[in-house]
$ cat model.cif   # mmCIF, C-alpha atoms
data_data
loop_
_atom_site.group_PDB
_atom_site.id
_atom_site.type_symbol
_atom_site.label_atom_id
_atom_site.label_comp_id
_atom_site.auth_asym_id
_atom_site.auth_seq_id
_atom_site.Cartn_x
_atom_site.Cartn_y
_atom_site.Cartn_z
ATOM 1 C CA MET A 1 -114.771 -57.211 -18.144
ATOM 2 C CA ALA A 2 -116.780 -60.320 -18.877
ATOM 3 C CA LEU A 3 -118.279 -60.875 -22.296
ATOM 4 C CA MET A 4 -121.782 -59.464 -22.481
ATOM 5 C CA PRO A 5 -125.027 -60.357 -24.262
ATOM 6 C CA CYS A 6 -126.335 -58.091 -26.967
ATOM 7 C CA GLY A 7 -128.785 -55.326 -26.093
ATOM 8 C CA SER A 8 -130.697 -53.083 -28.439
ATOM 9 C CA ALA A 9 -132.895 -50.772 -26.368
ATOM 10 C CA ALA A 10 -132.736 -47.148 -27.430
ATOM 11 C CA ASP A 11 -133.196 -43.821 -25.732
ATOM 12 C CA PRO A 12 -135.647 -41.126 -26.886
ATOM 13 C CA HIS A 13 -133.143 -40.071 -29.564
ATOM 14 C CA GLY A 14 -132.828 -43.518 -31.144
ATOM 15 C CA ARG A 15 -129.412 -44.005 -29.537
ATOM 16 C CA GLU A 16 -128.692 -47.313 -27.849
ATOM 17 C CA LEU A 17 -129.354 -47.418 -24.122
ATOM 18 C CA VAL A 18 -126.778 -50.161 -23.753
ATOM 19 C CA SER A 19 -123.854 -48.991 -21.644
ATOM 20 C CA HIS A 20 -120.784 -50.154 -23.542
ATOM 21 C CA GLY A 21 -118.408 -50.698 -20.646
ATOM 22 C CA THR A 22 -118.162 -48.214 -17.779
ATOM 23 C CA ALA A 23 -117.182 -44.588 -17.300
ATOM 24 C CA LEU A 24 -113.784 -45.802 -16.080
ATOM 25 C CA PHE A 25 -113.296 -48.236 -18.960
ATOM 26 C CA PRO A 26 -115.656 -47.421 -21.860
ATOM 27 C CA ALA A 27 -115.400 -50.602 -23.905
ATOM 28 C CA ALA A 28 -117.446 -53.785 -24.154
ATOM 29 C CA CYS A 29 -117.022 -57.089 -25.940
ATOM 30 C CA TYR A 30 -120.052 -59.165 -26.815
ATOM 31 C CA ARG A 31 -120.157 -62.906 -26.548
ATOM 32 C CA ASP A 32 -119.989 -65.306 -29.454
ATOM 33 C CA ASP A 33 -123.737 -65.861 -29.674
ATOM 34 C CA LEU A 34 -124.434 -62.152 -30.056
ATOM 35 C CA TYR A 35 -126.625 -62.741 -33.105
ATOM 36 C CA LEU A 36 -128.245 -66.073 -33.874
ATOM 37 C CA GLU A 37 -130.232 -66.919 -36.975
ATOM 38 C CA ASP A 38 -133.520 -65.692 -35.475
ATOM 39 C CA VAL A 39 -132.372 -62.556 -33.653
ATOM 40 C CA PRO A 40 -131.757 -59.710 -36.106
ATOM 41 C CA CYS A 41 -129.855 -56.644 -35.042
ATOM 42 C CA PRO A 42 -132.289 -53.731 -35.468
ATOM 43 C CA TRP A 43 -131.325 -50.445 -37.077
ATOM 44 C CA HIS A 44 -129.509 -48.356 -34.471
ATOM 45 C CA TRP A 45 -126.626 -45.950 -33.930
ATOM 46 C CA HIS A 46 -124.323 -44.996 -31.084
ATOM 47 C CA ASP A 47 -121.550 -42.548 -30.246
ATOM 48 C CA GLU A 48 -119.017 -45.349 -29.830
ATOM 49 C CA LEU A 49 -116.909 -47.028 -32.504
ATOM 50 C CA GLU A 50 -117.703 -50.651 -33.339
ATOM 51 C CA SER A 51 -115.504 -53.360 -34.839
ATOM 52 C CA VAL A 52 -116.624 -56.891 -35.631
ATOM 53 C CA VAL A 53 -115.134 -60.198 -36.757
ATOM 54 C CA VAL A 54 -117.542 -62.749 -38.213
ATOM 55 C CA SER A 55 -116.654 -66.013 -36.478
ATOM 56 C CA GLN A 56 -119.259 -68.242 -38.130
ATOM 57 C CA GLY A 57 -121.493 -68.037 -41.184
ATOM 58 C CA GLU A 58 -121.884 -64.835 -43.151
ATOM 59 C CA VAL A 59 -123.785 -61.621 -42.528
ATOM 60 C CA LEU A 60 -125.385 -58.823 -44.474
ATOM 61 C CA VAL A 61 -124.355 -55.475 -43.042
ATOM 62 C CA SER A 62 -126.164 -52.243 -43.864
ATOM 63 C CA ALA A 63 -124.440 -48.977 -42.986
ATOM 64 C CA GLY A 64 -126.251 -45.863 -44.071
ATOM 65 C CA ARG A 65 -127.390 -46.465 -47.643
ATOM 66 C CA GLU A 66 -124.976 -49.282 -48.466
ATOM 67 C CA THR A 67 -125.212 -53.030 -47.881
ATOM 68 C CA PHE A 68 -122.414 -55.591 -48.134
ATOM 69 C CA LEU A 69 -121.817 -59.262 -47.377
ATOM 70 C CA VAL A 70 -119.179 -60.322 -44.836
ATOM 71 C CA PRO A 71 -118.149 -64.007 -44.651
ATOM 72 C CA ALA A 72 -116.584 -65.867 -41.732
ATOM 73 C CA GLY A 73 -113.016 -64.818 -40.993
ATOM 74 C CA GLU A 74 -113.575 -61.260 -42.178
ATOM 75 C CA GLY A 75 -115.085 -58.237 -40.457
ATOM 76 C CA PHE A 76 -116.011 -54.586 -40.538
ATOM 77 C CA PHE A 77 -115.711 -51.269 -38.713
ATOM 78 C CA ILE A 78 -118.701 -48.973 -38.068
ATOM 79 C CA ASN A 79 -117.987 -45.331 -37.355
ATOM 80 C CA ALA A 80 -119.644 -43.261 -34.638
ATOM 81 C CA ARG A 81 -123.265 -42.136 -35.134
ATOM 82 C CA VAL A 82 -123.746 -44.207 -38.314
ATOM 83 C CA LEU A 83 -127.113 -45.915 -38.718
ATOM 84 C CA HIS A 84 -126.503 -49.636 -39.232
ATOM 85 C CA ASN A 85 -127.930 -53.110 -38.865
ATOM 86 C CA VAL A 86 -126.807 -56.718 -39.259
ATOM 87 C CA ARG A 87 -128.866 -59.643 -40.497
ATOM 88 C CA SER A 88 -128.428 -63.168 -41.752
ATOM 89 C CA GLN A 89 -127.913 -64.150 -45.355
ATOM 90 C CA ASN A 90 -130.692 -66.451 -46.607
ATOM 91 C CA GLY A 91 -131.841 -67.182 -43.054
ATOM 92 C CA GLN A 92 -128.616 -68.958 -42.134
ATOM 93 C CA GLY A 93 -127.138 -68.698 -38.649
ATOM 94 C CA PHE A 94 -124.071 -66.628 -37.872
ATOM 95 C CA ARG A 95 -121.954 -65.550 -34.925
ATOM 96 C CA LEU A 96 -119.839 -62.483 -34.306
ATOM 97 C CA HIS A 97 -117.056 -61.231 -32.083
ATOM 98 C CA SER A 98 -118.068 -57.628 -31.491
ATOM 99 C CA VAL A 99 -116.113 -54.828 -29.798
ATOM 100 C CA VAL A 100 -117.737 -51.471 -29.008
ATOM 101 C CA PHE A 101 -115.605 -48.727 -27.472
ATOM 102 C CA HIS A 102 -115.645 -44.998 -26.865
ATOM 103 C CA PRO A 103 -112.910 -43.136 -28.752
ATOM 104 C CA ARG A 104 -111.652 -41.515 -25.551
ATOM 105 C CA LEU A 105 -110.313 -44.895 -24.396
ATOM 106 C CA VAL A 106 -107.706 -44.623 -27.168
ATOM 107 C CA GLY A 107 -107.610 -40.873 -27.747
ATOM 108 C CA GLY A 108 -107.488 -39.634 -24.171
ATOM 109 C CA SER A 109 -108.054 -35.885 -23.861
ATOM 110 C CA LEU A 110 -109.148 -33.801 -26.835
ATOM 111 C CA ASP A 111 -105.795 -31.991 -26.962
ATOM 112 C CA SER A 112 -103.696 -35.174 -27.018
ATOM 113 C CA VAL A 113 -101.668 -36.234 -30.041
ATOM 114 C CA PHE A 114 -103.674 -39.469 -30.135
ATOM 115 C CA TRP A 115 -106.957 -37.621 -30.467
ATOM 116 C CA GLN A 116 -105.711 -34.955 -32.876
ATOM 117 C CA GLU A 117 -103.712 -37.175 -35.250
ATOM 118 C CA TYR A 118 -105.681 -40.419 -35.154
ATOM 119 C CA LEU A 119 -109.223 -40.180 -33.750
ATOM 120 C CA LEU A 120 -110.215 -36.907 -35.418
ATOM 121 C CA PRO A 121 -109.293 -38.071 -38.950
ATOM 122 C CA LEU A 122 -111.019 -41.399 -38.353
ATOM 123 C CA MET A 123 -114.285 -39.777 -37.218
ATOM 124 C CA SER A 124 -114.294 -36.674 -39.426
ATOM 125 C CA PRO A 125 -117.281 -35.995 -41.715
ATOM 126 C CA GLN A 126 -115.030 -36.872 -44.661
ATOM 127 C CA ALA A 127 -114.207 -40.314 -43.228
ATOM 128 C CA PRO A 128 -116.224 -43.337 -44.366
ATOM 129 C CA GLY A 129 -119.158 -44.531 -42.280
ATOM 130 C CA TYR A 130 -117.845 -48.065 -42.440
ATOM 131 C CA ILE A 131 -114.712 -49.966 -43.455
ATOM 132 C CA ARG A 132 -114.711 -53.563 -44.648
ATOM 133 C CA LEU A 133 -111.943 -55.755 -43.283
ATOM 134 C CA ASP A 134 -111.064 -58.732 -45.481
ATOM 135 C CA SER A 135 -108.076 -61.032 -45.923
ATOM 136 C CA THR A 136 -106.669 -59.509 -49.104
ATOM 137 C CA ALA A 137 -104.402 -56.891 -47.501
ATOM 138 C CA SER A 138 -101.896 -57.361 -44.687
ATOM 139 C CA TRP A 139 -103.078 -54.239 -42.820
ATOM 140 C CA SER A 140 -106.657 -55.543 -42.901
ATOM 141 C CA ARG A 141 -105.556 -58.906 -41.527
ATOM 142 C CA ASP A 142 -103.671 -57.043 -38.791
ATOM 143 C CA ALA A 143 -106.818 -55.052 -37.967
ATOM 144 C CA LEU A 144 -108.840 -58.265 -37.699
ATOM 145 C CA SER A 145 -106.154 -59.715 -35.408
ATOM 146 C CA SER A 146 -106.386 -56.629 -33.192
ATOM 147 C CA ILE A 147 -110.161 -57.028 -32.863
ATOM 148 C CA GLU A 148 -109.783 -60.696 -32.003
ATOM 149 C CA ALA A 149 -107.056 -59.882 -29.459
ATOM 150 C CA VAL A 150 -109.409 -57.428 -27.714
ATOM 151 C CA TRP A 151 -112.197 -59.993 -27.639
ATOM 152 C CA GLN A 152 -109.971 -62.760 -26.276
ATOM 153 C CA SER A 153 -108.548 -60.464 -23.573
ATOM 154 C CA ALA A 154 -112.095 -59.684 -22.454
ATOM 155 C CA ALA A 155 -113.032 -63.374 -22.495
ATOM 156 C CA GLN A 156 -110.010 -64.538 -20.478
ATOM 157 C CA GLU A 157 -109.414 -61.477 -18.256
ATOM 158 C CA PRO A 158 -105.718 -62.111 -17.495
ATOM 159 C CA PRO A 159 -103.994 -59.742 -15.039
ATOM 160 C CA GLY A 160 -103.755 -56.318 -16.649
ATOM 161 C CA PHE A 161 -106.216 -57.210 -19.411
ATOM 162 C CA GLN A 162 -107.349 -53.572 -19.547
ATOM 163 C CA PHE A 163 -103.868 -52.572 -20.744
ATOM 164 C CA GLN A 164 -103.953 -55.342 -23.350
ATOM 165 C CA ILE A 165 -107.351 -54.193 -24.606
ATOM 166 C CA ARG A 166 -106.336 -50.546 -24.830
ATOM 167 C CA SER A 167 -103.135 -51.508 -26.642
ATOM 168 C CA SER A 168 -104.970 -53.682 -29.164
ATOM 169 C CA LEU A 169 -107.592 -50.973 -29.741
ATOM 170 C CA SER A 170 -104.814 -48.441 -30.312
ATOM 171 C CA GLN A 171 -103.293 -50.751 -32.918
ATOM 172 C CA LEU A 172 -106.709 -51.153 -34.540
ATOM 173 C CA VAL A 173 -107.235 -47.387 -34.761
ATOM 174 C CA PHE A 174 -103.758 -46.979 -36.248
ATOM 175 C CA HIS A 175 -104.451 -49.589 -38.937
ATOM 176 C CA LEU A 176 -107.794 -47.991 -39.782
ATOM 177 C CA VAL A 177 -106.662 -44.383 -39.953
ATOM 178 C CA SER A 178 -103.522 -45.320 -41.910
ATOM 179 C CA HIS A 179 -105.613 -46.954 -44.625
ATOM 180 C CA LEU A 180 -108.769 -44.869 -44.778
ATOM 181 C CA PRO A 181 -110.443 -45.552 -48.134
ATOM 182 C CA ALA A 182 -111.290 -42.551 -50.218
ATOM 183 C CA ARG A 183 -114.888 -41.497 -49.746
ATOM 184 C CA PRO A 184 -116.708 -40.751 -53.017
ATOM 185 C CA GLY A 185 -117.498 -37.213 -51.860
ATOM 186 C CA SER A 186 -119.101 -35.861 -48.720
ATOM 187 C CA PRO A 187 -122.775 -36.669 -48.156
ATOM 188 C CA SER A 188 -125.084 -34.152 -49.754
ATOM 189 C CA GLU A 189 -127.063 -31.757 -47.625
ATOM 190 C CA LYS A 190 -130.199 -33.616 -48.703
ATOM 191 C CA ALA A 191 -128.766 -37.000 -47.616
ATOM 192 C CA LEU A 192 -127.767 -35.608 -44.232
ATOM 193 C CA ARG A 193 -131.219 -34.070 -43.778
ATOM 194 C CA ASP A 194 -132.908 -37.354 -44.704
ATOM 195 C CA GLU A 195 -130.807 -39.277 -42.166
ATOM 196 C CA SER A 196 -131.537 -36.717 -39.444
ATOM 197 C CA ARG A 197 -135.258 -36.994 -40.142
ATOM 198 C CA VAL A 198 -135.178 -40.788 -40.037
ATOM 199 C CA LYS A 199 -133.361 -40.699 -36.695
ATOM 200 C CA ASP A 200 -136.088 -38.396 -35.356
ATOM 201 C CA MET A 201 -138.799 -40.734 -36.605
ATOM 202 C CA MET A 202 -137.019 -43.830 -35.284
ATOM 203 C CA ARG A 203 -136.834 -42.068 -31.925
ATOM 204 C CA PHE A 204 -140.596 -41.529 -32.024
ATOM 205 C CA VAL A 205 -141.321 -45.158 -32.992
ATOM 206 C CA GLN A 206 -139.038 -46.520 -30.277
ATOM 207 C CA ALA A 207 -140.701 -44.331 -27.659
ATOM 208 C CA HIS A 208 -144.283 -45.140 -28.726
ATOM 209 C CA TYR A 209 -144.139 -48.607 -30.327
ATOM 210 C CA ALA A 210 -146.604 -50.012 -27.773
ATOM 211 C CA GLN A 211 -149.294 -47.605 -28.996
ATOM 212 C CA GLU A 212 -151.274 -47.609 -32.225
ATOM 213 C CA LEU A 213 -149.195 -45.641 -34.726
ATOM 214 C CA THR A 214 -149.895 -44.374 -38.229
ATOM 215 C CA VAL A 215 -147.591 -43.090 -40.935
ATOM 216 C CA ALA A 216 -149.112 -39.647 -40.379
ATOM 217 C CA GLN A 217 -148.093 -39.688 -36.705
ATOM 218 C CA ILE A 218 -144.590 -40.899 -37.519
ATOM 219 C CA ALA A 219 -144.236 -38.201 -40.188
ATOM 220 C CA ALA A 220 -145.498 -35.520 -37.814
ATOM 221 C CA SER A 221 -142.737 -36.396 -35.332
ATOM 222 C CA ALA A 222 -140.265 -35.023 -37.883
ATOM 223 C CA SER A 223 -142.594 -32.249 -39.100
ATOM 224 C CA ILE A 224 -142.853 -33.663 -42.627
ATOM 225 C CA SER A 225 -145.604 -35.057 -44.857
ATOM 226 C CA LYS A 226 -146.537 -38.720 -45.144
ATOM 227 C CA SER A 227 -145.069 -38.952 -48.644
ATOM 228 C CA GLU A 228 -141.812 -37.375 -47.474
ATOM 229 C CA CYS A 229 -141.739 -39.754 -44.517
ATOM 230 C CA LEU A 230 -142.064 -42.750 -46.845
ATOM 231 C CA ARG A 231 -139.376 -41.401 -49.163
ATOM 232 C CA CYS A 232 -136.919 -40.763 -46.317
ATOM 233 C CA PHE A 233 -137.319 -44.232 -44.823
ATOM 234 C CA ARG A 234 -136.865 -45.942 -48.167
ATOM 235 C CA ALA A 235 -133.869 -43.779 -49.050
ATOM 236 C CA VAL A 236 -132.033 -44.187 -45.739
ATOM 237 C CA ILE A 237 -132.801 -47.707 -44.479
ATOM 238 C CA GLY A 238 -134.683 -49.329 -47.360
ATOM 239 C CA VAL A 239 -137.964 -50.108 -45.575
ATOM 240 C CA THR A 240 -141.220 -48.269 -44.969
ATOM 241 C CA PRO A 241 -141.940 -46.723 -41.555
ATOM 242 C CA ILE A 242 -144.615 -49.364 -40.882
ATOM 243 C CA GLN A 243 -142.189 -52.154 -41.768
ATOM 244 C CA TYR A 244 -139.672 -50.665 -39.350
ATOM 245 C CA LEU A 245 -142.366 -50.393 -36.670
ATOM 246 C CA ARG A 246 -143.298 -54.061 -37.124
ATOM 247 C CA GLN A 247 -139.648 -55.143 -36.989
ATOM 248 C CA PHE A 248 -139.048 -53.138 -33.828
ATOM 249 C CA ARG A 249 -142.180 -54.487 -32.136
ATOM 250 C CA VAL A 250 -141.247 -58.085 -32.951
ATOM 251 C CA GLN A 251 -137.688 -57.562 -31.741
ATOM 252 C CA LYS A 252 -138.969 -56.205 -28.403
ATOM 253 C CA ALA A 253 -141.413 -59.114 -28.179
ATOM 254 C CA ALA A 254 -138.550 -61.571 -28.730
ATOM 255 C CA GLU A 255 -136.667 -60.004 -25.819
ATOM 256 C CA LEU A 256 -139.708 -60.432 -23.544
ATOM 257 C CA LEU A 257 -140.295 -64.015 -24.691
ATOM 258 C CA GLU A 258 -136.732 -64.914 -23.815
ATOM 259 C CA GLY A 259 -136.328 -62.847 -20.663
ATOM 260 C CA THR A 260 -139.725 -63.053 -18.937
ATOM 261 C CA ALA A 261 -142.470 -65.536 -18.091
ATOM 262 C CA LEU A 262 -145.251 -63.257 -19.329
ATOM 263 C CA LYS A 263 -148.098 -64.795 -21.286
ATOM 264 C CA ILE A 264 -147.664 -64.603 -25.037
ATOM 265 C CA SER A 265 -150.883 -62.618 -25.413
ATOM 266 C CA ASP A 266 -149.687 -60.104 -22.796
ATOM 267 C CA ILE A 267 -146.337 -59.739 -24.571
ATOM 268 C CA GLY A 268 -148.096 -59.067 -27.849
ATOM 269 C CA ALA A 269 -150.269 -56.400 -26.244
ATOM 270 C CA GLN A 270 -147.277 -54.757 -24.542
ATOM 271 C CA CYS A 271 -145.521 -54.548 -27.904
ATOM 272 C CA GLY A 272 -148.381 -52.897 -29.751
ATOM 273 C CA PHE A 273 -150.198 -55.934 -31.179
ATOM 274 C CA GLN A 274 -153.824 -55.614 -30.167
ATOM 275 C CA GLU A 275 -154.904 -58.918 -31.731
ATOM 276 C CA PRO A 276 -153.094 -62.093 -30.562
ATOM 277 C CA SER A 277 -153.628 -63.746 -33.948
ATOM 278 C CA TYR A 278 -151.981 -60.814 -35.748
ATOM 279 C CA PHE A 279 -149.083 -60.900 -33.286
ATOM 280 C CA ILE A 280 -148.485 -64.607 -33.926
ATOM 281 C CA LYS A 281 -148.783 -64.141 -37.712
ATOM 282 C CA THR A 282 -146.371 -61.179 -37.775
ATOM 283 C CA PHE A 283 -143.876 -62.812 -35.430
ATOM 284 C CA ARG A 284 -143.828 -65.975 -37.559
ATOM 285 C CA GLU A 285 -143.352 -63.948 -40.762
ATOM 286 C CA LEU A 286 -140.334 -62.090 -39.394
ATOM 287 C CA MET A 287 -138.769 -64.724 -37.121
ATOM 288 C CA GLY A 288 -139.616 -67.914 -38.973
ATOM 289 C CA ARG A 289 -141.490 -69.502 -36.044
ATOM 290 C CA THR A 290 -144.346 -68.784 -33.670
ATOM 291 C CA PRO A 291 -143.769 -66.955 -30.373
ATOM 292 C CA SER A 292 -144.309 -70.183 -28.414
ATOM 293 C CA ALA A 293 -141.813 -72.083 -30.583
ATOM 294 C CA TYR A 294 -139.308 -69.273 -30.207
ATOM 295 C CA ARG A 295 -139.633 -69.310 -26.407
ATOM 296 C CA ALA A 296 -139.339 -73.099 -26.287
ATOM 297 C CA GLN A 297 -136.158 -73.050 -28.348
ATOM 298 C CA LYS A 298 -134.609 -70.391 -26.136
ATOM 299 C CA GLN A 299 -135.441 -72.405 -23.035
ATOM 300 C CA GLU A 300 -133.741 -75.457 -24.549
ATOM 301 C CA ILE A 301 -130.588 -73.451 -25.296
ATOM 302 C CA SER A 302 -130.428 -72.014 -21.795
#

$ encode --input "model.cif" --output "structure tokens"
Amino acid sequence: MALMPCGSAADPHGRELVSHGTALFPAACYRDDLYLEDVPCPWHWHDELESVVVSQGEVLVSAGRETFLVPAGEGFFINARVLHNVRSQNGQGFRLHSVVFHPRLVGGSLDSVFWQEYLLPLMSPQAPGYIRLDSTASWSRDALSSIEAVWQSAAQEPPGFQFQIRSSLSQLVFHLVSHLPARPGSPSEKALRDESRVKDMMRFVQAHYAQELTVAQIAASASISKSECLRCFRAVIGVTPIQYLRQFRVQKAAELLEGTALKISDIGAQCGFQEPSYFIKTFRELMGRTPSAYRAQKQEIS
């Protein structure tokens, strides 16, 4: 179970296409350079649980409608199916130790005591979408240690490392469910509807980002008006649908710049930028450098 690079492709439902582990062992740990200063984590969601320790710098984490700052040495837990993203604070670099795992690795079958007494409460609609893990409480420090133990087991792969990982994840789940913070009330029906609509529209954008898209088309994918589309995006993820489209296009372009030898103009066209000059301008605005400078830096690192 080697450490893996980050991936952010999504299926037609906006869910990550990344396979976190395997069917036999559904867990994955992501290497230390998961997120650098110029590679934002786009808004996404997945069925798995995610736990992260910030190993360097500090990050801004958005989960649902809330945003919080996490410094080095601390971390956070993201519950299943929660829209979230991670980005740098003030353009500074940061690194994470990230663990993504399916609850069945710890819970086993649905009728097991582990699933019924621990996983169900942790993932219930009344449970929080995220949990911050800082150094102020002993249980939180223990949870951070469990995440780090999982990550190190994956990095070193000693004999029987799968048992070590499952044991550490079990300890993590126990710490989390034993100290679930009180949620300030269940999400309203309106909030749940807004999030569902945004997921539908994100699905549409991710499936058609290479084409010319308008707010009207994005709104139609969720059967709502343009004004309602704008309101939902701002309420749920704090950006307009066109801003999200631009961010997603640039993120896909960054992947092609790093992973292929395609011409920059061809990459821009494949990612929905019809004018090379507009592609370069937009990429520089969001990534802090031109596409050619970005590719050159990545080649130096590799």

$ closest_residue --input "model.cif" --among "A:Glu50, A:Asp266, A:Asp134, A:Asp142" --to "Glu74 (chain A)" --atoms "only C-alpha atoms"
A:Asp134

$ resolve_selection --input "model.cif" --expression "the PyMOL selection byres ((chain A and resi 139) around 10)" --output "list of chain:residue names"
A:Leu133, A:Asp134, A:Ser135, A:Thr136, A:Ala137, A:Ser138, A:Ser140, A:Arg141, A:Asp142, A:Ala143, A:Leu144, A:Ser145, A:Leu172, A:Phe174, A:His175, A:Leu176, A:Ser178, A:His179

$ write_last_selection --input "model.cif" --atoms "C-alpha atoms" --output "mmCIF file, in the frame of the given file"
data_model
loop_
_atom_site.group_PDB
_atom_site.id
_atom_site.type_symbol
_atom_site.label_atom_id
_atom_site.label_comp_id
_atom_site.auth_asym_id
_atom_site.auth_seq_id
_atom_site.Cartn_x
_atom_site.Cartn_y
_atom_site.Cartn_z
ATOM 1 C CA LEU A 133 -111.943 -55.755 -43.283
ATOM 2 C CA ASP A 134 -111.064 -58.732 -45.481
ATOM 3 C CA SER A 135 -108.076 -61.032 -45.923
ATOM 4 C CA THR A 136 -106.669 -59.509 -49.104
ATOM 5 C CA ALA A 137 -104.402 -56.891 -47.501
ATOM 6 C CA SER A 138 -101.896 -57.361 -44.687
ATOM 7 C CA SER A 140 -106.657 -55.543 -42.901
ATOM 8 C CA ARG A 141 -105.556 -58.906 -41.527
ATOM 9 C CA ASP A 142 -103.671 -57.043 -38.791
ATOM 10 C CA ALA A 143 -106.818 -55.052 -37.967
ATOM 11 C CA LEU A 144 -108.840 -58.265 -37.699
ATOM 12 C CA SER A 145 -106.154 -59.715 -35.408
ATOM 13 C CA LEU A 172 -106.709 -51.153 -34.540
ATOM 14 C CA PHE A 174 -103.758 -46.979 -36.248
ATOM 15 C CA HIS A 175 -104.451 -49.589 -38.937
ATOM 16 C CA LEU A 176 -107.794 -47.991 -39.782
ATOM 17 C CA SER A 178 -103.522 -45.320 -41.910
ATOM 18 C CA HIS A 179 -105.613 -46.954 -44.625
#

$ resolve_selection --input "model.cif" --expression "the PyMOL selection byres ((chain A and resi 83) around 7)" --output "PyMOL selection string"
chain A and resi 43-45+63-64+81-82+84

$ closest_atom_pairs --input "model.cif" --of "region 148-173 of chain A" --to "region 91-111 of chain A" --cutoff "8 Å" --atoms "only C-alpha atoms" --output "Markdown table"
| residue | atom | partner | partner_atom | distance |
| --- | --- | --- | --- | --- |
| A:Glu148 | CA | A:His97 | CA | 7.3 |
| A:Val150 | CA | A:Val99 | CA | 7.5 |
| A:Trp151 | CA | A:His97 | CA | 6.7 |
| A:Arg166 | CA | A:Val106 | CA | 6.5 |
| A:Leu169 | CA | A:Val106 | CA | 6.9 |
| A:Ser170 | CA | A:Val106 | CA | 5.7 |

$ residues_around --input "model.cif" --residues "Tyr244 (chain A)" --least-positions-apart "5" --cutoff "9 Å" --atoms "only C-alpha atoms" --output "list in words"
Pro42, Trp43, Met202, Val205, Phe233, Val239 and Arg249 of chain A

$ atom_distance --input "model.cif" --atom1 "CA of Ser146 (chain A)" --atom2 "CA of Leu24 (chain A)"
21.6 Å

$ resolve_selection --input "model.cif" --expression "the PyMOL selection byres ((chain A and resi 217-221) around 10)" --output "list in words"
Arg197, Val198, Asp200, Met201, Met202, Arg203, Phe204, Val205, His208, Glu212, Leu213, Thr214, Val215, Ala216, Ala222, Ser223, Ile224, Ser225, Lys226, Ser227, Glu228, Cys229, Leu230, Cys232, Pro241, Ile242 and Leu245 of chain A

$ decode --input "model.cif" --residues "region 254-264 of chain A" --atoms "N, CA, C and O atoms" --output "short mmCIF file (atom, residue, chain, number, x, y, z; two decimals), in the first residue's frame"
data_model
loop_
_atom_site.label_atom_id
_atom_site.label_comp_id
_atom_site.auth_asym_id
_atom_site.auth_seq_id
_atom_site.Cartn_x
_atom_site.Cartn_y
_atom_site.Cartn_z
N ALA A 254 -3.94 22.19 -15.16
CA ALA A 254 -2.72 21.96 -14.38
C ALA A 254 -2.33 20.49 -14.41
O ALA A 254 -1.15 20.14 -14.51
N GLU A 255 -3.32 19.60 -14.32
CA GLU A 255 -3.04 18.17 -14.38
C GLU A 255 -2.42 17.79 -15.73
O GLU A 255 -1.47 17.00 -15.80
N LEU A 256 -2.96 18.36 -16.82
CA LEU A 256 -2.42 18.06 -18.15
C LEU A 256 -1.03 18.66 -18.35
O LEU A 256 -0.17 18.06 -19.00
N LEU A 257 -0.81 19.84 -17.82
CA LEU A 257 0.52 20.46 -17.93
C LEU A 257 1.58 19.63 -17.24
O LEU A 257 2.69 19.49 -17.71
N GLU A 258 1.22 19.06 -16.12
CA GLU A 258 2.18 18.26 -15.35
C GLU A 258 2.32 16.84 -15.91
O GLU A 258 3.42 16.28 -15.90
N GLY A 259 1.23 16.28 -16.40
CA GLY A 259 1.23 14.86 -16.75
C GLY A 259 1.34 14.53 -18.22
O GLY A 259 1.41 13.36 -18.59
N THR A 260 1.34 15.56 -19.10
CA THR A 260 1.42 15.29 -20.53
C THR A 260 2.41 16.25 -21.18
O THR A 260 2.87 17.21 -20.56
N ALA A 261 2.71 15.97 -22.45
CA ALA A 261 3.59 16.85 -23.23
C ALA A 261 2.79 17.65 -24.25
O ALA A 261 3.35 18.20 -25.21
N LEU A 262 1.49 17.75 -24.07
CA LEU A 262 0.64 18.48 -25.00
C LEU A 262 1.05 19.95 -25.06
O LEU A 262 1.53 20.52 -24.06
N LYS A 263 0.82 20.58 -26.20
CA LYS A 263 1.07 22.00 -26.33
C LYS A 263 0.14 22.76 -25.39
O LYS A 263 -1.00 22.36 -25.14
N ILE A 264 0.63 23.89 -24.91
CA ILE A 264 -0.17 24.69 -23.97
C ILE A 264 -1.47 25.14 -24.61
O ILE A 264 -2.53 25.12 -23.98
#
